[in-house]
>>> print(open('input34.tsv').read())   # TSV, C-alpha atoms
chain	number	residue	atom	x	y	z
A	5	MET	CA	121.37	55.07	211.17
A	6	GLN	CA	121.22	58.80	211.92
A	7	ARG	CA	117.40	58.94	211.78
A	8	TYR	CA	117.15	55.86	214.05
A	9	LEU	CA	119.39	57.54	216.62
A	10	LEU	CA	117.29	60.70	216.50
A	11	SER	CA	114.09	58.69	216.84
A	12	ALA	CA	115.44	56.78	219.84
A	13	LEU	CA	116.53	59.99	221.53
A	14	ALA	CA	113.17	61.66	220.96
A	15	THR	CA	111.30	58.60	222.25
A	16	SER	CA	113.43	58.36	225.39
A	17	LEU	CA	112.94	62.04	226.16
A	18	ALA	CA	109.17	61.76	225.67
A	19	VAL	CA	108.89	58.69	227.90
A	20	ALA	CA	110.98	60.28	230.64
A	21	GLY	CA	109.01	63.51	230.43
A	22	SER	CA	105.60	61.84	230.59
A	23	ALA	CA	106.69	59.61	233.49
A	24	ALA	CA	107.93	62.38	235.72
A	25	ALA	CA	108.45	65.68	233.97
A	26	GLN	CA	109.46	67.42	237.14
A	27	THR	CA	112.44	65.09	237.65
A	28	VAL	CA	113.92	65.51	234.16
A	29	THR	CA	116.91	67.86	234.16
A	30	LEU	CA	118.14	69.58	231.03
A	31	GLU	CA	121.65	70.89	230.44
A	32	SER	CA	122.48	73.10	227.50
A	33	LEU	CA	125.65	72.39	225.53
A	34	ALA	CA	127.36	75.16	223.59
A	35	GLU	CA	130.89	75.95	222.53
A	36	ALA	CA	132.69	77.92	219.84
A	37	ARG	CA	136.23	78.12	218.49
A	38	LEU	CA	137.64	80.80	216.20
A	39	ARG	CA	141.06	79.95	214.78
A	40	TYR	CA	143.66	81.25	212.39
A	41	GLU	CA	146.11	78.64	211.07
A	42	GLY	CA	149.01	79.52	208.78
A	43	VAL	CA	151.33	77.01	207.10
A	44	GLU	CA	154.47	77.39	205.00
A	45	GLN	CA	155.81	74.17	203.48
A	46	ASP	CA	158.91	73.91	201.31
A	47	GLY	CA	158.16	72.38	197.92
A	48	LEU	CA	154.74	74.04	197.57
A	49	PRO	CA	154.45	77.34	195.70
A	50	ARG	CA	152.05	79.08	198.07
A	51	ARG	CA	151.38	79.20	201.80
A	52	SER	CA	148.04	78.39	203.43
A	53	ASP	CA	146.08	80.83	205.58
A	54	ALA	CA	142.83	79.58	207.08
A	55	VAL	CA	140.38	81.39	209.32
A	56	THR	CA	137.69	79.01	210.54
A	57	LEU	CA	134.85	79.21	213.04
A	58	ARG	CA	133.52	76.03	214.64
A	59	ALA	CA	130.36	76.00	216.75
A	60	ARG	CA	128.56	73.20	218.58
A	61	ALA	CA	125.15	73.31	220.26
A	62	GLY	CA	123.05	70.66	221.93
A	63	VAL	CA	121.17	69.49	224.99
A	64	GLU	CA	121.50	66.66	227.48
A	65	ALA	CA	118.45	65.35	229.37
A	66	ARG	CA	118.81	63.29	232.56
A	67	TYR	CA	116.15	61.21	234.28
A	68	ASP	CA	117.25	59.02	237.18
A	69	ARG	CA	119.93	56.70	235.72
A	70	LEU	CA	119.09	57.50	232.10
A	71	SER	CA	120.45	60.30	229.95
A	72	ALA	CA	120.08	61.35	226.33
A	73	LEU	CA	122.37	63.75	224.49
A	74	ILE	CA	122.09	65.33	221.07
A	75	GLU	CA	124.55	67.85	219.60
A	76	SER	CA	125.02	69.55	216.24
A	77	GLU	CA	128.27	70.90	214.81
A	78	GLY	CA	129.15	73.38	212.09
A	79	THR	CA	132.43	74.73	210.70
A	80	LEU	CA	132.57	77.90	208.59
A	81	ALA	CA	135.62	78.80	206.49
A	82	ILE	CA	135.96	82.58	206.72
A	83	GLY	CA	139.38	82.74	205.08
A	84	THR	CA	139.75	80.15	202.29
A	85	ALA	CA	143.34	80.52	201.06
A	86	TYR	CA	144.12	76.89	201.89
A	87	PHE	CA	143.61	73.30	200.77
A	88	ASP	CA	141.34	71.44	203.20
A	89	GLY	CA	142.15	67.97	201.86
A	90	LEU	CA	138.99	67.95	199.72
A	91	GLU	CA	138.60	71.39	198.16
A	92	GLY	CA	140.79	74.40	197.48
A	93	ASP	CA	144.17	75.15	195.95
A	94	THR	CA	146.32	71.99	195.87
A	95	GLY	CA	149.38	74.20	195.51
A	96	ARG	CA	148.95	75.15	199.16
A	97	PRO	CA	149.65	73.01	202.28
A	98	THR	CA	146.77	71.00	203.73
A	99	ILE	CA	144.82	72.38	206.68
A	100	ALA	CA	142.30	69.63	207.40
A	101	ASP	CA	139.37	71.83	208.46
A	102	PRO	CA	136.75	71.63	205.68
A	103	GLN	CA	133.46	73.48	205.91
A	104	ASN	CA	130.94	71.20	207.53
A	105	ILE	CA	127.55	70.87	209.21
A	106	GLU	CA	126.45	67.62	210.79
A	107	LEU	CA	125.00	65.73	213.71
A	108	ASN	CA	128.05	65.46	215.96
A	109	ARG	CA	126.73	63.33	218.83
A	110	ALA	CA	123.48	61.48	219.51
A	111	GLN	CA	123.70	59.03	222.39
A	112	LEU	CA	121.73	57.25	225.10
A	113	SER	CA	123.29	56.28	228.43
A	114	TYR	CA	122.37	54.24	231.48
A	115	ALA	CA	124.61	54.60	234.54
A	116	VAL	CA	124.83	53.10	237.99
A	117	PRO	CA	127.50	55.19	239.77
A	118	ASP	CA	130.73	53.31	240.55
A	119	ARG	CA	129.34	50.14	238.95
A	120	ILE	CA	128.43	50.33	235.27
A	121	THR	CA	127.77	52.79	232.44
A	122	VAL	CA	126.28	51.73	229.10
A	123	THR	CA	126.33	54.20	226.19
A	124	ALA	CA	124.96	53.65	222.68
A	125	GLY	CA	124.91	55.94	219.67
A	126	ARG	CA	127.22	58.51	218.13
A	127	GLN	CA	129.76	59.45	220.76
A	128	TYR	CA	133.34	60.41	221.55
A	129	LEU	CA	135.79	57.65	222.44
A	130	ALA	CA	139.00	58.77	224.14
A	131	LEU	CA	140.79	55.63	225.33
A	132	LEU	CA	143.90	55.84	227.52
A	133	ASP	CA	146.19	58.54	226.05
A	134	GLN	CA	144.20	58.48	222.75
A	135	ARG	CA	147.21	57.13	220.84
A	136	PHE	CA	145.17	54.38	219.18
A	137	VAL	CA	141.57	55.54	219.74
A	138	GLY	CA	140.67	59.18	220.26
A	139	ALA	CA	138.34	62.07	219.47
A	140	ALA	CA	140.88	64.17	217.49
A	141	LYS	CA	139.42	67.31	219.07
A	142	PHE	CA	142.23	69.61	217.95
A	143	ARG	CA	140.77	69.75	214.46
A	144	GLN	CA	137.59	71.76	214.04
A	145	ASN	CA	135.53	68.68	213.15
A	146	ALA	CA	136.12	66.09	215.86
A	147	GLN	CA	136.16	62.33	215.27
A	148	THR	CA	133.12	60.43	216.53
A	149	PHE	CA	132.15	56.78	216.75
A	150	ASP	CA	128.81	55.07	216.20
A	151	ALA	CA	129.22	52.54	218.97
A	152	ALA	CA	127.90	50.62	221.96
A	153	ARG	CA	130.16	50.97	224.99
A	154	VAL	CA	130.16	49.33	228.43
A	155	GLN	CA	132.30	50.66	231.30
A	156	ALA	CA	132.13	48.48	234.41
A	157	THR	CA	133.80	48.11	237.78
A	158	LEU	CA	134.38	44.36	238.18
A	159	ALA	CA	136.10	44.57	241.57
A	160	PRO	CA	137.39	47.38	243.83
A	161	LYS	CA	140.57	47.76	241.72
A	162	LEU	CA	139.51	46.14	238.46
A	163	THR	CA	137.69	47.88	235.59
A	164	LEU	CA	136.48	46.88	232.13
A	165	ASP	CA	135.94	49.16	229.13
A	166	LEU	CA	134.45	47.41	226.09
A	167	SER	CA	133.26	49.05	222.84
A	168	TYR	CA	131.77	47.69	219.64
A	169	VAL	CA	132.04	50.21	216.79
A	170	TRP	CA	130.14	49.86	213.52
A	171	ASN	CA	130.97	53.24	212.00
A	172	VAL	CA	133.60	55.95	212.43
A	173	ARG	CA	133.16	59.54	211.29
A	174	PRO	CA	136.67	61.04	210.96
A	175	ILE	CA	137.55	64.73	210.61
A	176	ASN	CA	136.66	65.00	206.90
A	177	GLY	CA	133.05	66.14	207.37
A	178	ILE	CA	129.95	65.44	205.30
A	179	ASP	CA	131.71	66.09	201.98
A	180	GLY	CA	134.41	63.51	202.69
A	181	ARG	CA	135.18	61.07	199.89
A	182	GLY	CA	137.82	58.73	198.53
A	183	ALA	CA	140.91	58.46	200.71
A	184	ARG	CA	139.32	61.08	203.04
A	185	PRO	CA	135.93	59.45	203.55
A	186	ARG	CA	132.87	60.87	205.26
A	187	SER	CA	132.57	57.68	207.30
A	188	ILE	CA	134.29	54.31	207.67
A	189	GLY	CA	132.17	51.25	208.35
A	190	GLY	CA	133.26	47.91	209.80
A	191	ASP	CA	133.05	45.73	212.88
A	192	SER	CA	135.67	47.09	215.27
A	193	VAL	CA	136.13	46.08	218.91
A	194	PHE	CA	138.09	47.97	221.58
A	195	ALA	CA	138.67	46.27	224.94
A	196	LEU	CA	140.55	47.53	228.00
A	197	LEU	CA	141.04	45.81	231.35
A	198	GLY	CA	142.49	48.05	234.04
A	199	TYR	CA	143.99	47.22	237.44
A	200	ALA	CA	144.88	49.87	240.02
A	201	SER	CA	148.23	48.44	241.15
A	202	PRO	CA	150.45	49.92	243.88
A	203	VAL	CA	152.72	51.43	241.20
A	204	GLY	CA	150.01	52.86	238.97
A	205	MET	CA	147.14	51.98	236.67
A	206	LEU	CA	148.03	48.88	234.67
A	207	THR	CA	145.86	48.46	231.58
A	208	GLY	CA	145.79	45.66	229.06
A	209	PHE	CA	144.23	46.63	225.76
A	210	ALA	CA	143.11	45.15	222.47
A	211	TYR	CA	142.14	47.30	219.47
A	212	LEU	CA	140.62	45.33	216.59
A	213	ILE	CA	140.16	47.85	213.79
A	214	ASP	CA	138.08	46.80	210.81
A	215	ALA	CA	138.36	49.72	208.37
A	216	GLU	CA	135.84	48.44	205.83
A	217	GLU	CA	136.22	51.13	203.17
A	218	ALA	CA	138.02	50.19	199.94
A	219	ALA	CA	138.98	53.77	199.04
A	220	TYR	CA	140.52	54.22	202.49
A	221	GLN	CA	143.94	52.74	201.69
A	222	GLY	CA	142.40	49.57	200.25
A	223	TYR	CA	141.56	48.05	203.66
A	224	ARG	CA	145.27	48.29	204.61
A	225	LEU	CA	144.55	50.23	207.80
A	226	SER	CA	142.68	47.31	209.36
A	227	SER	CA	144.80	46.03	212.23
A	228	GLN	CA	144.83	44.17	215.52
A	229	THR	CA	146.84	45.73	218.34
A	230	TYR	CA	147.43	44.09	221.73
A	231	GLY	CA	149.40	45.71	224.51
A	232	MET	CA	149.90	46.95	228.06
A	233	ARG	CA	150.22	50.41	229.59
A	234	LEU	CA	151.37	51.46	233.05
A	235	ALA	CA	150.72	55.04	234.19
A	236	GLY	CA	151.31	56.43	237.66
A	237	LYS	CA	152.58	59.26	239.83
A	238	ARG	CA	154.94	59.39	242.81
A	239	ALA	CA	155.90	62.13	245.28
A	240	LEU	CA	159.68	62.47	245.60
A	241	GLY	CA	159.94	64.87	248.53
A	242	GLY	CA	160.93	68.50	248.56
A	243	GLY	CA	157.81	69.36	246.60
A	244	TYR	CA	158.87	67.27	243.61
A	245	ALA	CA	156.69	64.63	241.93
A	246	VAL	CA	157.09	62.41	238.90
A	247	ASP	CA	154.42	61.19	236.49
A	248	TYR	CA	155.41	58.21	234.39
A	249	ALA	CA	153.98	56.11	231.58
A	250	LEU	CA	155.26	52.91	229.96
A	251	SER	CA	153.53	51.24	227.01
A	252	TYR	CA	154.17	48.28	224.75
A	253	ALA	CA	151.98	46.93	221.95
A	254	HIS	CA	152.21	44.47	219.07
A	255	GLN	CA	150.29	45.20	215.87
A	256	SER	CA	149.54	43.01	212.86
A	257	ASN	CA	147.12	42.82	209.92
A	258	TYR	CA	143.43	42.12	210.56
A	259	ALA	CA	140.16	41.51	208.68
A	260	ARG	CA	140.50	42.24	204.93
A	261	ASN	CA	143.93	43.87	205.14
A	262	PRO	CA	145.95	42.36	202.23
A	263	ASN	CA	149.28	43.13	203.91
A	264	ASP	CA	150.89	40.45	206.06
A	265	TYR	CA	152.92	42.33	208.66
A	266	ALA	CA	153.83	42.61	212.33
A	267	ALA	CA	155.40	45.56	214.16
A	268	ASP	CA	155.90	46.76	217.73
A	269	TYR	CA	155.05	49.96	219.57
A	270	TRP	CA	156.96	51.36	222.58
A	271	LEU	CA	156.57	54.41	224.80
A	272	ALA	CA	158.49	55.59	227.86
A	273	GLU	CA	157.71	59.02	229.32
A	274	ALA	CA	158.48	60.83	232.59
A	275	LYS	CA	157.31	64.23	233.81
A	276	LEU	CA	159.14	65.83	236.75
A	277	SER	CA	157.16	68.62	238.41
A	278	ARG	CA	157.57	71.09	241.23
A	279	LYS	CA	154.90	73.67	241.88
A	280	ALA	CA	154.03	75.22	238.51
A	281	VAL	CA	156.97	73.87	236.51
A	282	VAL	CA	156.99	70.56	234.58
A	283	ALA	CA	159.90	68.98	232.70
A	284	THR	CA	159.14	66.13	230.27
A	285	LEU	CA	161.36	63.49	228.70
A	286	GLY	CA	160.02	60.76	226.44
A	287	TYR	CA	160.79	58.22	223.75
A	288	GLU	CA	158.17	56.74	221.43
A	289	VAL	CA	158.68	54.10	218.74
A	290	LEU	CA	156.22	53.15	216.02
A	291	GLY	CA	158.01	50.11	214.66
A	292	ALA	CA	158.32	48.82	211.11
A	293	ASP	CA	158.19	45.39	209.49
A	294	ASP	CA	159.96	45.05	206.13
A	295	GLY	CA	159.70	48.55	204.67
A	296	ARG	CA	156.55	48.10	202.56
A	297	ALA	CA	153.97	50.88	202.72
A	298	LEU	CA	151.53	50.56	205.66
A	299	THR	CA	153.42	47.67	207.29
A	300	SER	CA	154.58	49.88	210.17
A	301	VAL	CA	152.48	50.62	213.27
A	302	GLN	CA	149.48	52.70	212.17
A	303	THR	CA	146.99	54.64	214.33
A	304	PRO	CA	144.13	55.65	211.98
A	305	TYR	CA	141.55	56.08	214.77
A	306	GLY	CA	143.85	57.85	217.22
A	307	SER	CA	144.10	61.55	218.06
A	308	VAL	CA	147.06	62.46	215.88
A	309	PHE	CA	147.77	65.99	217.11
A	310	GLY	CA	150.01	66.00	220.17
A	311	PHE	CA	152.00	62.95	219.14
A	312	GLN	CA	155.27	63.29	217.18
A	313	GLY	CA	155.01	67.06	217.24
A	314	TRP	CA	152.44	69.50	215.93
A	315	ALA	CA	153.66	69.87	212.34
A	316	ASP	CA	151.70	66.72	211.32
A	317	LYS	CA	154.53	65.16	209.33
A	318	PHE	CA	153.79	61.64	210.58
A	319	THR	CA	149.99	61.37	210.45
A	320	THR	CA	150.57	58.20	208.44
A	321	THR	CA	153.55	56.31	209.84
A	322	PRO	CA	156.34	55.99	207.24
A	323	ALA	CA	157.10	52.54	205.83
A	324	ASP	CA	160.28	52.35	207.91
A	325	GLY	CA	158.55	53.43	211.13
A	326	VAL	CA	159.49	56.39	213.31
A	327	ARG	CA	161.35	56.94	216.56
A	328	ASP	CA	160.63	60.15	218.46
A	329	LEU	CA	162.97	61.37	221.23
A	330	TYR	CA	161.41	64.42	222.84
A	331	ALA	CA	161.94	66.79	225.76
A	332	GLY	CA	159.94	69.72	227.02
A	333	LEU	CA	159.70	72.38	229.70
A	334	GLY	CA	156.48	74.05	230.73
A	335	ALA	CA	154.68	75.93	233.47
A	336	ARG	CA	151.02	76.13	234.48
A	337	TRP	CA	149.27	78.52	236.87
A	338	ALA	CA	145.62	78.21	237.91
A	339	THR	CA	145.43	81.99	238.42
A	340	LEU	CA	147.72	84.94	237.78
A	341	GLY	CA	145.85	87.98	238.94
A	342	ARG	CA	142.67	88.15	236.87
A	343	VAL	CA	143.94	85.61	234.34
A	344	ARG	CA	143.20	81.91	234.75
A	345	ASN	CA	144.69	78.64	233.46
A	346	VAL	CA	147.92	80.16	232.19
A	347	GLU	CA	150.22	77.75	230.35
A	348	LEU	CA	153.62	78.18	228.70
A	349	SER	CA	155.58	75.32	227.13
A	350	ALA	CA	158.39	74.48	224.74
A	351	PHE	CA	159.16	71.05	223.27
A	352	ALA	CA	161.89	69.68	221.04
A	353	HIS	CA	161.70	66.45	219.00
A	354	HIS	CA	164.31	64.43	217.15
A	355	TYR	CA	162.95	61.87	214.66
A	356	ASP	CA	164.63	58.78	213.25
A	357	SER	CA	163.36	55.84	211.24
A	358	ASP	CA	162.95	52.54	213.08
A	359	ARG	CA	164.12	50.32	210.24
A	360	LEU	CA	167.50	51.13	208.60
A	361	VAL	CA	167.95	53.85	211.19
A	362	ARG	CA	168.42	57.27	209.64
A	363	SER	CA	167.56	60.80	210.69
A	364	TYR	CA	164.19	62.15	209.61
A	365	GLY	CA	164.60	65.62	211.12
A	366	ASP	CA	163.90	67.79	214.14
A	367	GLU	CA	161.01	69.91	215.38
A	368	ILE	CA	160.28	72.58	217.95
A	369	ASN	CA	156.84	73.35	219.43
A	370	LEU	CA	155.90	76.46	221.41
A	371	LEU	CA	152.65	77.27	223.26
A	372	ALA	CA	151.24	80.19	225.23
A	373	SER	CA	147.66	79.97	226.56
A	374	ALA	CA	145.44	81.77	229.08
A	375	GLU	CA	141.77	82.20	229.98
A	376	VAL	CA	140.44	85.74	230.19
A	377	GLY	CA	136.78	86.56	230.77
A	378	GLY	CA	135.62	83.01	230.04
A	379	VAL	CA	137.51	82.84	226.72
A	380	THR	CA	140.68	80.80	226.32
A	381	TRP	CA	143.25	82.47	224.08
A	382	SER	CA	146.23	80.54	222.75
A	383	ALA	CA	149.14	80.87	220.35
A	384	ARG	CA	151.05	77.85	219.02
A	385	TYR	CA	154.05	77.49	216.76
A	386	ALA	CA	155.61	74.43	215.12
A	387	ASP	CA	158.81	74.31	213.04
A	388	TYR	CA	159.89	71.07	211.37
A	389	PHE	CA	163.48	70.90	210.06
A	390	ALA	CA	163.59	68.10	207.52
A	391	ASP	CA	166.60	65.84	207.13
A	392	ARG	CA	165.78	62.68	205.16
A	393	PHE	CA	162.00	62.82	205.35
A	394	ALA	CA	159.42	65.32	204.04
A	395	THR	CA	160.27	69.04	203.75
A	396	ASP	CA	160.76	72.00	206.07
A	397	THR	CA	157.39	73.13	207.46
A	398	ARG	CA	156.33	76.01	209.68
A	399	LYS	CA	152.90	76.37	211.29
A	400	VAL	CA	151.27	78.98	213.50
A	401	TRP	CA	147.88	78.95	215.26
A	402	LEU	CA	145.98	81.78	216.97
A	403	THR	CA	142.85	80.55	218.74
A	404	ALA	CA	139.96	81.83	220.85
A	405	GLU	CA	137.70	79.23	222.53
A	406	TRP	CA	134.53	79.57	224.55
A	407	ALA	CA	132.31	76.97	226.20
A	408	LEU	CA	129.07	77.27	228.16
>>> encode(input="input34.tsv", output="structure tokens")
Amino acid sequence: MQRYLLSALATSLAVAGSAAAQTVTLESLAEARLRYEGVEQDGLPRRSDAVTLRARAGVEARYDRLSALIESEGTLAIGTAYFDGLEGDTGRPTIADPQNIELNRAQLSYAVPDRITVTAGRQYLALLDQRFVGAAKFRQNAQTFDAARVQATLAPKLTLDLSYVWNVRPINGIDGRGARPRSIGGDSVFALLGYASPVGMLTGFAYLIDAEEAAYQGYRLSSQTYGMRLAGKRALGGGYAVDYALSYAHQSNYARNPNDYAADYWLAEAKLSRKAVVATLGYEVLGADDGRALTSVQTPYGSVFGFQGWADKFTTTPADGVRDLYAGLGARWATLGRVRNVELSAFAHHYDSDRLVRSYGDEINLLASAEVGGVTWSARYADYFADRFATDTRKVWLTAEWAL
């Protein structure tokens, strides 16, 4: 499939160039991220310390309504005192950033502004809040989808977003194998129908995930999820505004999944802001069925980081589900003197099981970030205090990011 995508891209660029070379525009794509991640996890004899450098480079060509994009990606492990999920010391906590070099994106697009966009090839998919389908860009190797996607405006307030996915390349890189595969085939369909209502964007969604890889949990991550999401914003006067989001979904087994289950998903979140300051309060439930493994709401193709804290204790939803009550306070400034995009935030989470309700534990997350001289510098910290699930875990990240 990769060589066919490359051939199609090369052909499209040649045709466009020969037709009207002077009208073809080229845009260079380049970005780099240097990161230190340190993890201490109770129950493991040694800590993990990873220094990794991720770089991407590519080009996008545009000709009238057509565009072609190709991008490579590489991750270098400079400091290797960690287990990356595939290689390394298993007595250390997992930091899922293996060394890697691959074709990250290769896509063709046709767009009529405000009417329709069709994209085919290896691409990012970031649907709604990325809870169920996302690019997982926090990890050094992002998640991409070999897919055909149509985004269309059906009426002034009505939109359609439809994707057929035949292959998913998760964060495991080209050496992925077994339960952490290089790629996951299948016939998956993602459909969203959005309506711009007076109270916010109302979106109905259906995610039909066909994870056709036996070593990947024995097909038990194949699921069908149907739901609705409402997201909007309202001014309250006095400089205050509130952003809100409400979601509900029902998930059950699909395709070759041998489990027979059904579970519900809920989310309610509000963000109260005034000038630079934002206060957040939310409650998210990934429901459970009868307590068997992988019969709770699962999100294998979602962007995991940013949901249920940063310590990554719930990347696979526990058999009894999880309830997450969280609150946060943050501030953002576009400029502070010669520094841009300054952000400070602190969040607290309390986790319970959904079935047979019991406390899982608590977590705090801290972030400081700013852009100086075209480079974004950030420091993050996560501390998970275990109760009746997993073990105490502490994580720290120091990151420098640059993009062309």
>>> closest_atom_pairs(input="input34.tsv", of="segment 198-244 of chain A", to="segment 292-315 of chain A", cutoff="10 Å", atoms="only C-alpha atoms", output="Markdown table")
| residue | atom | partner | partner_atom | distance |
| --- | --- | --- | --- | --- |
| A:Tyr211 | CA | A:Tyr305 | CA | 10.0 |
| A:Ile213 | CA | A:Tyr305 | CA | 8.4 |
| A:Ala215 | CA | A:Pro304 | CA | 9.0 |
| A:Gln221 | CA | A:Leu298 | CA | 8.8 |
| A:Arg224 | CA | A:Leu298 | CA | 6.7 |
| A:Leu225 | CA | A:Pro304 | CA | 6.9 |
| A:Ser226 | CA | A:Pro304 | CA | 8.9 |
| A:Ser227 | CA | A:Gln302 | CA | 8.1 |
| A:Thr229 | CA | A:Val301 | CA | 9.0 |
>>> closest_residue(input="input34.tsv", among="A:Val43, A:Leu38, A:Leu48, A:Leu197", to="Tyr388 of chain A", atoms="all atoms listed in the file")
A:Val43
>>> residues_around(input="input34.tsv", residues="segment 78-91 of chain A", least_positions_apart="3", cutoff="12 Å", atoms="all atoms listed in the file", output="ChimeraX atom specification")
/A:34-44,48,50-62,75,94-108,143-146,175-186
>>> residues_around(input="input34.tsv", residues="Leu206 of chain A", least_positions_apart="6", cutoff="6 Å", atoms="all atoms listed in the file", output="mmCIF file with C-alpha atoms, in the coordinates of the input")
data_model
loop_
_atom_site.group_PDB
_atom_site.id
_atom_site.type_symbol
_atom_site.label_atom_id
_atom_site.label_comp_id
_atom_site.auth_asym_id
_atom_site.auth_seq_id
_atom_site.Cartn_x
_atom_site.Cartn_y
_atom_site.Cartn_z
ATOM 1 C CA GLY A 198 142.490 48.050 234.040
ATOM 2 C CA TYR A 199 143.990 47.220 237.440
ATOM 3 C CA ARG A 233 150.220 50.410 229.590
ATOM 4 C CA LEU A 234 151.370 51.460 233.050
#
>>> closest_residue(input="input34.tsv", among="A:Thr319, A:Thr123, A:Thr29, A:Ser363", to="Ala140 of chain A", atoms="only C-alpha atoms")
A:Thr319
>>> residues_around(input="input34.tsv", residues="Asp214 of chain A", least_positions_apart="2", cutoff="8 Å", atoms="all atoms listed in the file", output="PyMOL selection string")
chain A and resi 189-192+212+216+225-227+258-260
>>> atom_distance(input="input34.tsv", atom1="atom CA of Ala335 of chain A", atom2="atom CA of Ala352 of chain A")
15.7 Å
